[in-house]
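The structure appears right after this line, and notes come after that.
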Amino acid sequence: MSPPKTHLKDAPVLSQAEADEICRKHKVFISGRPGGLRGSLAWCDLSGLNLAGRDLSGADLTGALLFGADLSGAKLDSANLYGADLQNADLSKSSLRRADLRGACLRNANLSEADLFEADLRVGAVAVGDRKLGFKLVEHVNRSPDEEHDPSRISASAGRSHTSDMESVRADFSGAILRRARLTRALLKQCVMTGADLTGADLSQADLRGADLRDVVLLGANTQAWDISKADLRGALRQDAAAQSSDETSLEVQVREHERWCATGGKSGVPTVFDGLDLRGLRSLRGYNLTAVSARRAIFYGLDMEGVQLQGARLDGADLRGCNLRRADLRGARLTGALLADADLRAARLDVLVLSGDRFMATDMTSADLRRANLAGADLRGAILNDTDLRQANLTDANLKDAEVAFRETYGLKGGPTPG
């Protein structure tokens, strides 16, 4: 029988002034001058606070709530961040050398150019004492960036009185931005990095045994002497477009043949099937007519596709991350499970495609990943958005009339959707 659920409601919420004072005393402490005090922020709620550029080397941040906090340029060398919640935090250009991040949650955090040299990100279990329940295992709740702050959101499941009976927690970097991050010799065994962007990162000698690296971007990454034994690399992008074995000329010919097929109503040209192909060698599909194309699980990553016509296209599981799809026509397209994180979909058409009479096709984005996508002014009328991930997506002036919008109970919206 599963243990009952409870909530950790007694985490002290610190104000910006209180956090500033703790940082000030810690700086005095590490300088060796009198009047200093080691920074102790364990189990404190610092969500949304500005800690940019602060020196918290060696500070205790065990289990701290740092959701959406600004830690850009901060110095956290040898800091204890065991089990900390750093979801959506800005850690760009921060120093985390030899930091203890076991069991930490860094979903959608920005760690661009961060230094994680020899950081420890292995499995960890975090427990706090409870008079009635003995120990409680703290779990990280998947929160939206726009939800109202609520310290009781940190859930805990009641465990037995012995920590040896508790389940372990893996460091979670799902969807994190780690561009040019330094992860040399980092201990990342069994960590979760699904969909993380590791472009240009230094992973030399990193321990990634058993890690979940599905759909990670490893373009230009230094992977010399890394250990990925039993790691899951399904869907990972590990080649630069220039290094592909695909015949770029052949792909361009197929695109032109498909466009001719569309223009002549099928009288000439040939419909193209790009299923499972890497299309990055094309570099641009700007303005092309690819109506009804089949490109399931195809890789479009980073392509310029502004104004492309993809009405009724089969794009299930396609990788469209970082693509320029501004003003693209995707009416009636099937995008189930597609990756569209960081895509530019401003003013794109994602509404219903009318076929004839009362026949129509809705744009299906079930289980699609649209994290950080720009959907400002997009037409989403009648779109299917079941389990669609829209965390940090910009939906300013987007039209969501008649769309399936159950996702709003889980994910906040940046900007207000137009009701119709």
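Letters A, B, ... go to the chains of the structure tokens in the order shown; residues in each chain start at 1; ligands are counted from 1 in the same order.
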
Report task. Might you pull out every residue within 7 Å of A:Gln87, with only C-alpha atoms counted and same-chain residues fewer than 2 positions away left off, and present them as a ChimeraX atom specification? Result -> /A:67-68,85,89,105-109

Requested in this report: Mind checking which residues fall within 6 Å of stretch 340-357 of chain A, counting only C-alpha atoms, ignoring those fewer than 6 positions away in the same chain, and posting them as an NGL selection string?
Outcome: :A and (320-332 or 363 or 369-383)

For the residues in that selection, give me C-alpha atoms as an mmCIF file, in the first residue's frame.
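The new file selection.cif reads:
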```cif
data_model
loop_
_atom_site.group_PDB
_atom_site.id
_atom_site.type_symbol
_atom_site.label_atom_id
_atom_site.label_comp_id
_atom_site.auth_asym_id
_atom_site.auth_seq_id
_atom_site.Cartn_x
_atom_site.Cartn_y
_atom_site.Cartn_z
ATOM 1 C CA LEU A 320 10.979 21.257 -34.434
ATOM 2 C CA ARG A 321 12.853 22.767 -31.494
ATOM 3 C CA GLY A 322 14.178 26.266 -32.097
ATOM 4 C CA CYS A 323 12.576 26.456 -35.560
ATOM 5 C CA ASN A 324 11.373 29.722 -37.043
ATOM 6 C CA LEU A 325 7.716 28.919 -37.764
ATOM 7 C CA ARG A 326 6.515 32.470 -37.724
ATOM 8 C CA ARG A 327 3.323 32.850 -39.799
ATOM 9 C CA ALA A 328 3.487 29.148 -40.711
ATOM 10 C CA ASP A 329 0.244 27.448 -41.746
ATOM 11 C CA LEU A 330 -0.140 24.304 -39.657
ATOM 12 C CA ARG A 331 -3.908 23.960 -39.862
ATOM 13 C CA GLY A 332 -4.980 20.349 -39.393
ATOM 14 C CA THR A 363 -4.580 20.625 -35.308
ATOM 15 C CA ASP A 369 6.441 19.942 -25.956
ATOM 16 C CA LEU A 370 5.975 23.715 -26.386
ATOM 17 C CA ARG A 371 8.092 24.898 -23.481
ATOM 18 C CA ARG A 372 9.293 28.478 -23.956
ATOM 19 C CA ALA A 373 7.664 28.593 -27.416
ATOM 20 C CA ASN A 374 6.525 32.003 -28.643
ATOM 21 C CA LEU A 375 2.853 31.714 -29.631
ATOM 22 C CA ALA A 376 2.049 35.414 -29.494
ATOM 23 C CA GLY A 377 -0.857 36.164 -31.823
ATOM 24 C CA ALA A 378 -1.145 32.519 -32.918
ATOM 25 C CA ASP A 379 -4.526 31.136 -33.991
ATOM 26 C CA LEU A 380 -5.279 28.039 -31.890
ATOM 27 C CA ARG A 381 -9.042 27.885 -32.371
ATOM 28 C CA GLY A 382 -10.255 24.312 -32.018
ATOM 29 C CA ALA A 383 -6.731 22.959 -31.453
#
```

Pick out the residues sitting within 8 Å of stretch 224-241 of chain A, and hand them over as a PDB file with all heavy atoms, in the first residue's frame; count only C-alpha atoms, and ignore anything fewer than 5 positions along from it in its own chain.
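Below is the file that was written, around.pdb:
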```pdb
ATOM      1  N   GLN A 190      22.705   8.360 -13.310  1.00  0.00           N
ATOM      2  CA  GLN A 190      21.259   8.150 -13.231  1.00  0.00           C
ATOM      3  C   GLN A 190      20.444   9.445 -13.196  1.00  0.00           C
ATOM      4  O   GLN A 190      19.259   9.432 -12.867  1.00  0.00           O
ATOM      5  CB  GLN A 190      20.900   7.284 -12.027  1.00  0.00           C
ATOM      6  CG  GLN A 190      21.471   5.870 -12.119  1.00  0.00           C
ATOM      7  CD  GLN A 190      21.040   4.995 -10.969  1.00  0.00           C
ATOM      8  OE1 GLN A 190      20.281   5.405 -10.098  1.00  0.00           O
ATOM      9  NE2 GLN A 190      21.526   3.765 -10.950  1.00  0.00           N
ATOM     10  N   LEU A 203      31.405  18.006 -21.444  1.00  0.00           N
ATOM     11  CA  LEU A 203      31.030  16.817 -20.676  1.00  0.00           C
ATOM     12  C   LEU A 203      32.202  15.841 -20.579  1.00  0.00           C
ATOM     13  O   LEU A 203      32.000  14.655 -20.312  1.00  0.00           O
ATOM     14  CB  LEU A 203      29.827  16.138 -21.339  1.00  0.00           C
ATOM     15  CG  LEU A 203      28.485  16.868 -21.209  1.00  0.00           C
ATOM     16  CD1 LEU A 203      27.547  16.476 -22.336  1.00  0.00           C
ATOM     17  CD2 LEU A 203      27.841  16.568 -19.859  1.00  0.00           C
ATOM     18  N   SER A 204      33.383  16.323 -20.801  1.00  0.00           N
ATOM     19  CA  SER A 204      34.544  15.440 -20.771  1.00  0.00           C
ATOM     20  C   SER A 204      34.698  14.798 -19.395  1.00  0.00           C
ATOM     21  O   SER A 204      34.590  15.457 -18.368  1.00  0.00           O
ATOM     22  CB  SER A 204      35.813  16.216 -21.130  1.00  0.00           C
ATOM     23  OG  SER A 204      36.006  17.341 -20.299  1.00  0.00           O
ATOM     24  N   GLN A 205      34.887  13.500 -19.404  1.00  0.00           N
ATOM     25  CA  GLN A 205      35.075  12.676 -18.199  1.00  0.00           C
ATOM     26  C   GLN A 205      33.878  12.688 -17.255  1.00  0.00           C
ATOM     27  O   GLN A 205      33.977  12.285 -16.095  1.00  0.00           O
ATOM     28  CB  GLN A 205      36.331  13.107 -17.431  1.00  0.00           C
ATOM     29  CG  GLN A 205      37.609  13.016 -18.253  1.00  0.00           C
ATOM     30  CD  GLN A 205      38.821  13.456 -17.459  1.00  0.00           C
ATOM     31  OE1 GLN A 205      39.170  12.848 -16.453  1.00  0.00           O
ATOM     32  NE2 GLN A 205      39.452  14.535 -17.909  1.00  0.00           N
ATOM     33  N   ALA A 206      32.723  13.150 -17.721  1.00  0.00           N
ATOM     34  CA  ALA A 206      31.520  13.166 -16.873  1.00  0.00           C
ATOM     35  C   ALA A 206      30.988  11.743 -16.701  1.00  0.00           C
ATOM     36  O   ALA A 206      31.074  10.911 -17.605  1.00  0.00           O
ATOM     37  CB  ALA A 206      30.446  14.048 -17.484  1.00  0.00           C
ATOM     38  N   ASP A 207      30.439  11.471 -15.539  1.00  0.00           N
ATOM     39  CA  ASP A 207      29.864  10.165 -15.234  1.00  0.00           C
ATOM     40  C   ASP A 207      28.360  10.230 -15.460  1.00  0.00           C
ATOM     41  O   ASP A 207      27.616  10.782 -14.658  1.00  0.00           O
ATOM     42  CB  ASP A 207      30.163   9.783 -13.780  1.00  0.00           C
ATOM     43  CG  ASP A 207      29.648   8.389 -13.412  1.00  0.00           C
ATOM     44  OD1 ASP A 207      28.984   7.756 -14.262  1.00  0.00           O
ATOM     45  OD2 ASP A 207      29.918   7.933 -12.288  1.00  0.00           O
ATOM     46  N   LEU A 208      27.907   9.667 -16.602  1.00  0.00           N
ATOM     47  CA  LEU A 208      26.495   9.696 -16.973  1.00  0.00           C
ATOM     48  C   LEU A 208      25.932   8.287 -17.059  1.00  0.00           C
ATOM     49  O   LEU A 208      24.992   8.022 -17.807  1.00  0.00           O
ATOM     50  CB  LEU A 208      26.322  10.423 -18.308  1.00  0.00           C
ATOM     51  CG  LEU A 208      26.442  11.953 -18.241  1.00  0.00           C
ATOM     52  CD1 LEU A 208      26.962  12.515 -19.539  1.00  0.00           C
ATOM     53  CD2 LEU A 208      25.103  12.584 -17.886  1.00  0.00           C
ATOM     54  N   ARG A 209      26.475   7.389 -16.295  1.00  0.00           N
ATOM     55  CA  ARG A 209      26.003   6.006 -16.323  1.00  0.00           C
ATOM     56  C   ARG A 209      24.537   5.921 -15.914  1.00  0.00           C
ATOM     57  O   ARG A 209      24.128   6.464 -14.890  1.00  0.00           O
ATOM     58  CB  ARG A 209      26.850   5.144 -15.378  1.00  0.00           C
ATOM     59  CG  ARG A 209      28.272   4.876 -15.867  1.00  0.00           C
ATOM     60  CD  ARG A 209      29.076   4.121 -14.839  1.00  0.00           C
ATOM     61  NE  ARG A 209      29.365   4.957 -13.670  1.00  0.00           N
ATOM     62  CZ  ARG A 209      29.888   4.507 -12.540  1.00  0.00           C
ATOM     63  NH1 ARG A 209      30.172   3.217 -12.407  1.00  0.00           N
ATOM     64  NH2 ARG A 209      30.122   5.333 -11.536  1.00  0.00           N
ATOM     65  N   GLY A 210      23.747   5.266 -16.777  1.00  0.00           N
ATOM     66  CA  GLY A 210      22.333   5.074 -16.472  1.00  0.00           C
ATOM     67  C   GLY A 210      21.503   6.330 -16.549  1.00  0.00           C
ATOM     68  O   GLY A 210      20.341   6.341 -16.133  1.00  0.00           O
ATOM     69  N   ALA A 211      22.042   7.421 -17.104  1.00  0.00           N
ATOM     70  CA  ALA A 211      21.304   8.695 -17.173  1.00  0.00           C
ATOM     71  C   ALA A 211      20.235   8.653 -18.260  1.00  0.00           C
ATOM     72  O   ALA A 211      20.354   7.940 -19.249  1.00  0.00           O
ATOM     73  CB  ALA A 211      22.270   9.841 -17.427  1.00  0.00           C
ATOM     74  N   ASP A 212      19.188   9.440 -18.066  1.00  0.00           N
ATOM     75  CA  ASP A 212      18.123   9.573 -19.052  1.00  0.00           C
ATOM     76  C   ASP A 212      18.458  10.778 -19.927  1.00  0.00           C
ATOM     77  O   ASP A 212      18.267  11.923 -19.528  1.00  0.00           O
ATOM     78  CB  ASP A 212      16.778   9.769 -18.348  1.00  0.00           C
ATOM     79  CG  ASP A 212      15.595   9.755 -19.316  1.00  0.00           C
ATOM     80  OD1 ASP A 212      15.845   9.849 -20.539  1.00  0.00           O
ATOM     81  OD2 ASP A 212      14.457   9.645 -18.855  1.00  0.00           O
ATOM     82  N   LEU A 213      18.971  10.515 -21.130  1.00  0.00           N
ATOM     83  CA  LEU A 213      19.409  11.565 -22.044  1.00  0.00           C
ATOM     84  C   LEU A 213      18.544  11.617 -23.301  1.00  0.00           C
ATOM     85  O   LEU A 213      18.997  12.057 -24.358  1.00  0.00           O
ATOM     86  CB  LEU A 213      20.878  11.338 -22.424  1.00  0.00           C
ATOM     87  CG  LEU A 213      21.888  11.378 -21.279  1.00  0.00           C
ATOM     88  CD1 LEU A 213      23.245  10.863 -21.737  1.00  0.00           C
ATOM     89  CD2 LEU A 213      22.027  12.781 -20.719  1.00  0.00           C
ATOM     90  N   ARG A 214      17.306  11.205 -23.180  1.00  0.00           N
ATOM     91  CA  ARG A 214      16.417  11.222 -24.334  1.00  0.00           C
ATOM     92  C   ARG A 214      16.195  12.650 -24.836  1.00  0.00           C
ATOM     93  O   ARG A 214      15.962  13.560 -24.056  1.00  0.00           O
ATOM     94  CB  ARG A 214      15.072  10.589 -23.982  1.00  0.00           C
ATOM     95  CG  ARG A 214      15.109   9.080 -23.805  1.00  0.00           C
ATOM     96  CD  ARG A 214      13.782   8.565 -23.298  1.00  0.00           C
ATOM     97  NE  ARG A 214      13.482   9.085 -21.970  1.00  0.00           N
ATOM     98  CZ  ARG A 214      12.284   9.034 -21.398  1.00  0.00           C
ATOM     99  NH1 ARG A 214      11.260   8.518 -22.066  1.00  0.00           N
ATOM    100  NH2 ARG A 214      12.091   9.511 -20.189  1.00  0.00           N
ATOM    101  N   ASP A 215      16.324  12.811 -26.154  1.00  0.00           N
ATOM    102  CA  ASP A 215      16.045  14.083 -26.838  1.00  0.00           C
ATOM    103  C   ASP A 215      16.961  15.226 -26.412  1.00  0.00           C
ATOM    104  O   ASP A 215      16.652  16.395 -26.650  1.00  0.00           O
ATOM    105  CB  ASP A 215      14.578  14.512 -26.631  1.00  0.00           C
ATOM    106  CG  ASP A 215      13.594  13.495 -27.189  1.00  0.00           C
ATOM    107  OD1 ASP A 215      13.858  12.977 -28.281  1.00  0.00           O
ATOM    108  OD2 ASP A 215      12.574  13.224 -26.529  1.00  0.00           O
ATOM    109  N   VAL A 216      18.107  14.937 -25.807  1.00  0.00           N
ATOM    110  CA  VAL A 216      19.022  16.021 -25.452  1.00  0.00           C
ATOM    111  C   VAL A 216      19.720  16.539 -26.706  1.00  0.00           C
ATOM    112  O   VAL A 216      19.877  15.823 -27.694  1.00  0.00           O
ATOM    113  CB  VAL A 216      20.092  15.574 -24.420  1.00  0.00           C
ATOM    114  CG1 VAL A 216      19.460  15.179 -23.107  1.00  0.00           C
ATOM    115  CG2 VAL A 216      20.955  14.456 -24.978  1.00  0.00           C
ATOM    116  N   VAL A 217      20.132  17.797 -26.660  1.00  0.00           N
ATOM    117  CA  VAL A 217      20.873  18.404 -27.767  1.00  0.00           C
ATOM    118  C   VAL A 217      22.348  18.442 -27.374  1.00  0.00           C
ATOM    119  O   VAL A 217      22.721  19.087 -26.400  1.00  0.00           O
ATOM    120  CB  VAL A 217      20.357  19.828 -28.062  1.00  0.00           C
ATOM    121  CG1 VAL A 217      21.130  20.434 -29.227  1.00  0.00           C
ATOM    122  CG2 VAL A 217      18.866  19.806 -28.365  1.00  0.00           C
ATOM    123  N   LEU A 218      23.175  17.739 -28.143  1.00  0.00           N
ATOM    124  CA  LEU A 218      24.601  17.618 -27.832  1.00  0.00           C
ATOM    125  C   LEU A 218      25.463  18.208 -28.945  1.00  0.00           C
ATOM    126  O   LEU A 218      26.630  17.849 -29.086  1.00  0.00           O
ATOM    127  CB  LEU A 218      24.963  16.144 -27.618  1.00  0.00           C
ATOM    128  CG  LEU A 218      24.390  15.475 -26.359  1.00  0.00           C
ATOM    129  CD1 LEU A 218      24.473  13.964 -26.463  1.00  0.00           C
ATOM    130  CD2 LEU A 218      25.135  15.960 -25.117  1.00  0.00           C
ATOM    131  N   LEU A 219      24.899  19.114 -29.722  1.00  0.00           N
ATOM    132  CA  LEU A 219      25.635  19.691 -30.843  1.00  0.00           C
ATOM    133  C   LEU A 219      26.843  20.468 -30.340  1.00  0.00           C
ATOM    134  O   LEU A 219      26.726  21.363 -29.505  1.00  0.00           O
ATOM    135  CB  LEU A 219      24.725  20.605 -31.659  1.00  0.00           C
ATOM    136  CG  LEU A 219      23.425  19.971 -32.177  1.00  0.00           C
ATOM    137  CD1 LEU A 219      22.626  20.980 -32.969  1.00  0.00           C
ATOM    138  CD2 LEU A 219      23.737  18.756 -33.036  1.00  0.00           C
ATOM    139  N   ARG A 280      18.125  18.794 -41.329  1.00  0.00           N
ATOM    140  CA  ARG A 280      18.853  20.018 -40.991  1.00  0.00           C
ATOM    141  C   ARG A 280      19.766  20.506 -42.114  1.00  0.00           C
ATOM    142  O   ARG A 280      20.109  21.683 -42.190  1.00  0.00           O
ATOM    143  CB  ARG A 280      19.656  19.823 -39.706  1.00  0.00           C
ATOM    144  CG  ARG A 280      18.799  19.765 -38.450  1.00  0.00           C
ATOM    145  CD  ARG A 280      19.633  19.468 -37.233  1.00  0.00           C
ATOM    146  NE  ARG A 280      20.165  18.105 -37.261  1.00  0.00           N
ATOM    147  CZ  ARG A 280      21.232  17.700 -36.582  1.00  0.00           C
ATOM    148  NH1 ARG A 280      21.887  18.565 -35.841  1.00  0.00           N
ATOM    149  NH2 ARG A 280      21.630  16.454 -36.640  1.00  0.00           N
ATOM    150  N   GLY A 281      20.178  19.595 -42.994  1.00  0.00           N
ATOM    151  CA  GLY A 281      21.029  19.985 -44.106  1.00  0.00           C
ATOM    152  C   GLY A 281      20.355  20.933 -45.072  1.00  0.00           C
ATOM    153  O   GLY A 281      21.021  21.629 -45.844  1.00  0.00           O
TER     154      GLY A 281
END
```

Query - Test item: residues at most 8 Å from A:Leu51, only C-alpha atoms, excluding those fewer than 3 positions along its chain, as a PyMOL selection string - result: chain A and resi 20+54+69-72+74

Dump N, CA and C atoms for the selected residues as a PDB file, in the first residue's frame?
```
ATOM      1  N   ASP A  20      19.273  39.032   1.794  1.00  0.00           N
ATOM      2  CA  ASP A  20      20.420  39.915   1.598  1.00  0.00           C
ATOM      3  C   ASP A  20      21.313  39.948   2.833  1.00  0.00           C
ATOM      4  N   ARG A  54      25.798  36.778  -6.007  1.00  0.00           N
ATOM      5  CA  ARG A  54      26.160  36.598  -4.591  1.00  0.00           C
ATOM      6  C   ARG A  54      27.182  35.484  -4.431  1.00  0.00           C
ATOM      7  N   ALA A  69      14.238  31.612  -8.840  1.00  0.00           N
ATOM      8  CA  ALA A  69      15.171  32.573  -8.253  1.00  0.00           C
ATOM      9  C   ALA A  69      16.237  32.986  -9.272  1.00  0.00           C
ATOM     10  N   ASP A  70      16.753  34.198  -9.126  1.00  0.00           N
ATOM     11  CA  ASP A  70      17.824  34.693  -9.990  1.00  0.00           C
ATOM     12  C   ASP A  70      19.157  34.464  -9.297  1.00  0.00           C
ATOM     13  N   LEU A  71      19.890  33.464  -9.782  1.00  0.00           N
ATOM     14  CA  LEU A  71      21.216  33.132  -9.247  1.00  0.00           C
ATOM     15  C   LEU A  71      22.271  33.307 -10.328  1.00  0.00           C
ATOM     16  N   SER A  72      21.960  34.113 -11.322  1.00  0.00           N
ATOM     17  CA  SER A  72      22.901  34.308 -12.414  1.00  0.00           C
ATOM     18  C   SER A  72      24.205  34.902 -11.892  1.00  0.00           C
ATOM     19  N   ALA A  74      26.095  33.808  -9.721  1.00  0.00           N
ATOM     20  CA  ALA A  74      26.351  33.532  -8.303  1.00  0.00           C
ATOM     21  C   ALA A  74      27.487  32.531  -8.140  1.00  0.00           C
TER      22      ALA A  74
END
```

Requested in this report: Give me the residues within 7 Å of A:Gly312 as number ranges by chain, counting only C-alpha atoms and dropping any in the same chain fewer than 2 places off.
Outcome: A: 291-292, 310, 314, 331-334

**Report entry** Which of A:Met361, A:Ala84, A:Leu339, A:Leu65 sits closest to A:Gln311 [using only C-alpha atoms]
**Finding:** A:Met361

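The nearest approach to A:Tyr301 among the residues A:Gln254, A:Met193, A:Gly53, A:Leu277, with only C-alpha atoms taken into account, belongs to A:Leu277.
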
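Taking atom CA of A:Leu251 as the reference point, atom CA of A:Gly317 is found at 19.8 Å.
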
Query - atom CA of A:Gly302 to atom CA of A:Leu285, straight-line distance in Å - result: 10.9 Å

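Excluding A:Asp275 itself and any same-chain residue fewer than 2 positions from it, the protein and nucleic acid residues within 8 Å of it, counting only C-alpha atoms, are A:Val273, A:Leu277, A:Ser294, A:Ala295, A:Arg296, A:Arg297, A:Ala298.
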
Query - Test item, alpha helix (DSSP H) assignment across stretch 224-398 of chain A, answer as a VMD selection string - result: chain A and resid 248 to 263

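Distances here use only C-alpha atoms; by that measure, the residue among A:Thr264, A:Thr62, A:Asn88, A:Ser112 closest to A:Arg391 is A:Asn88.
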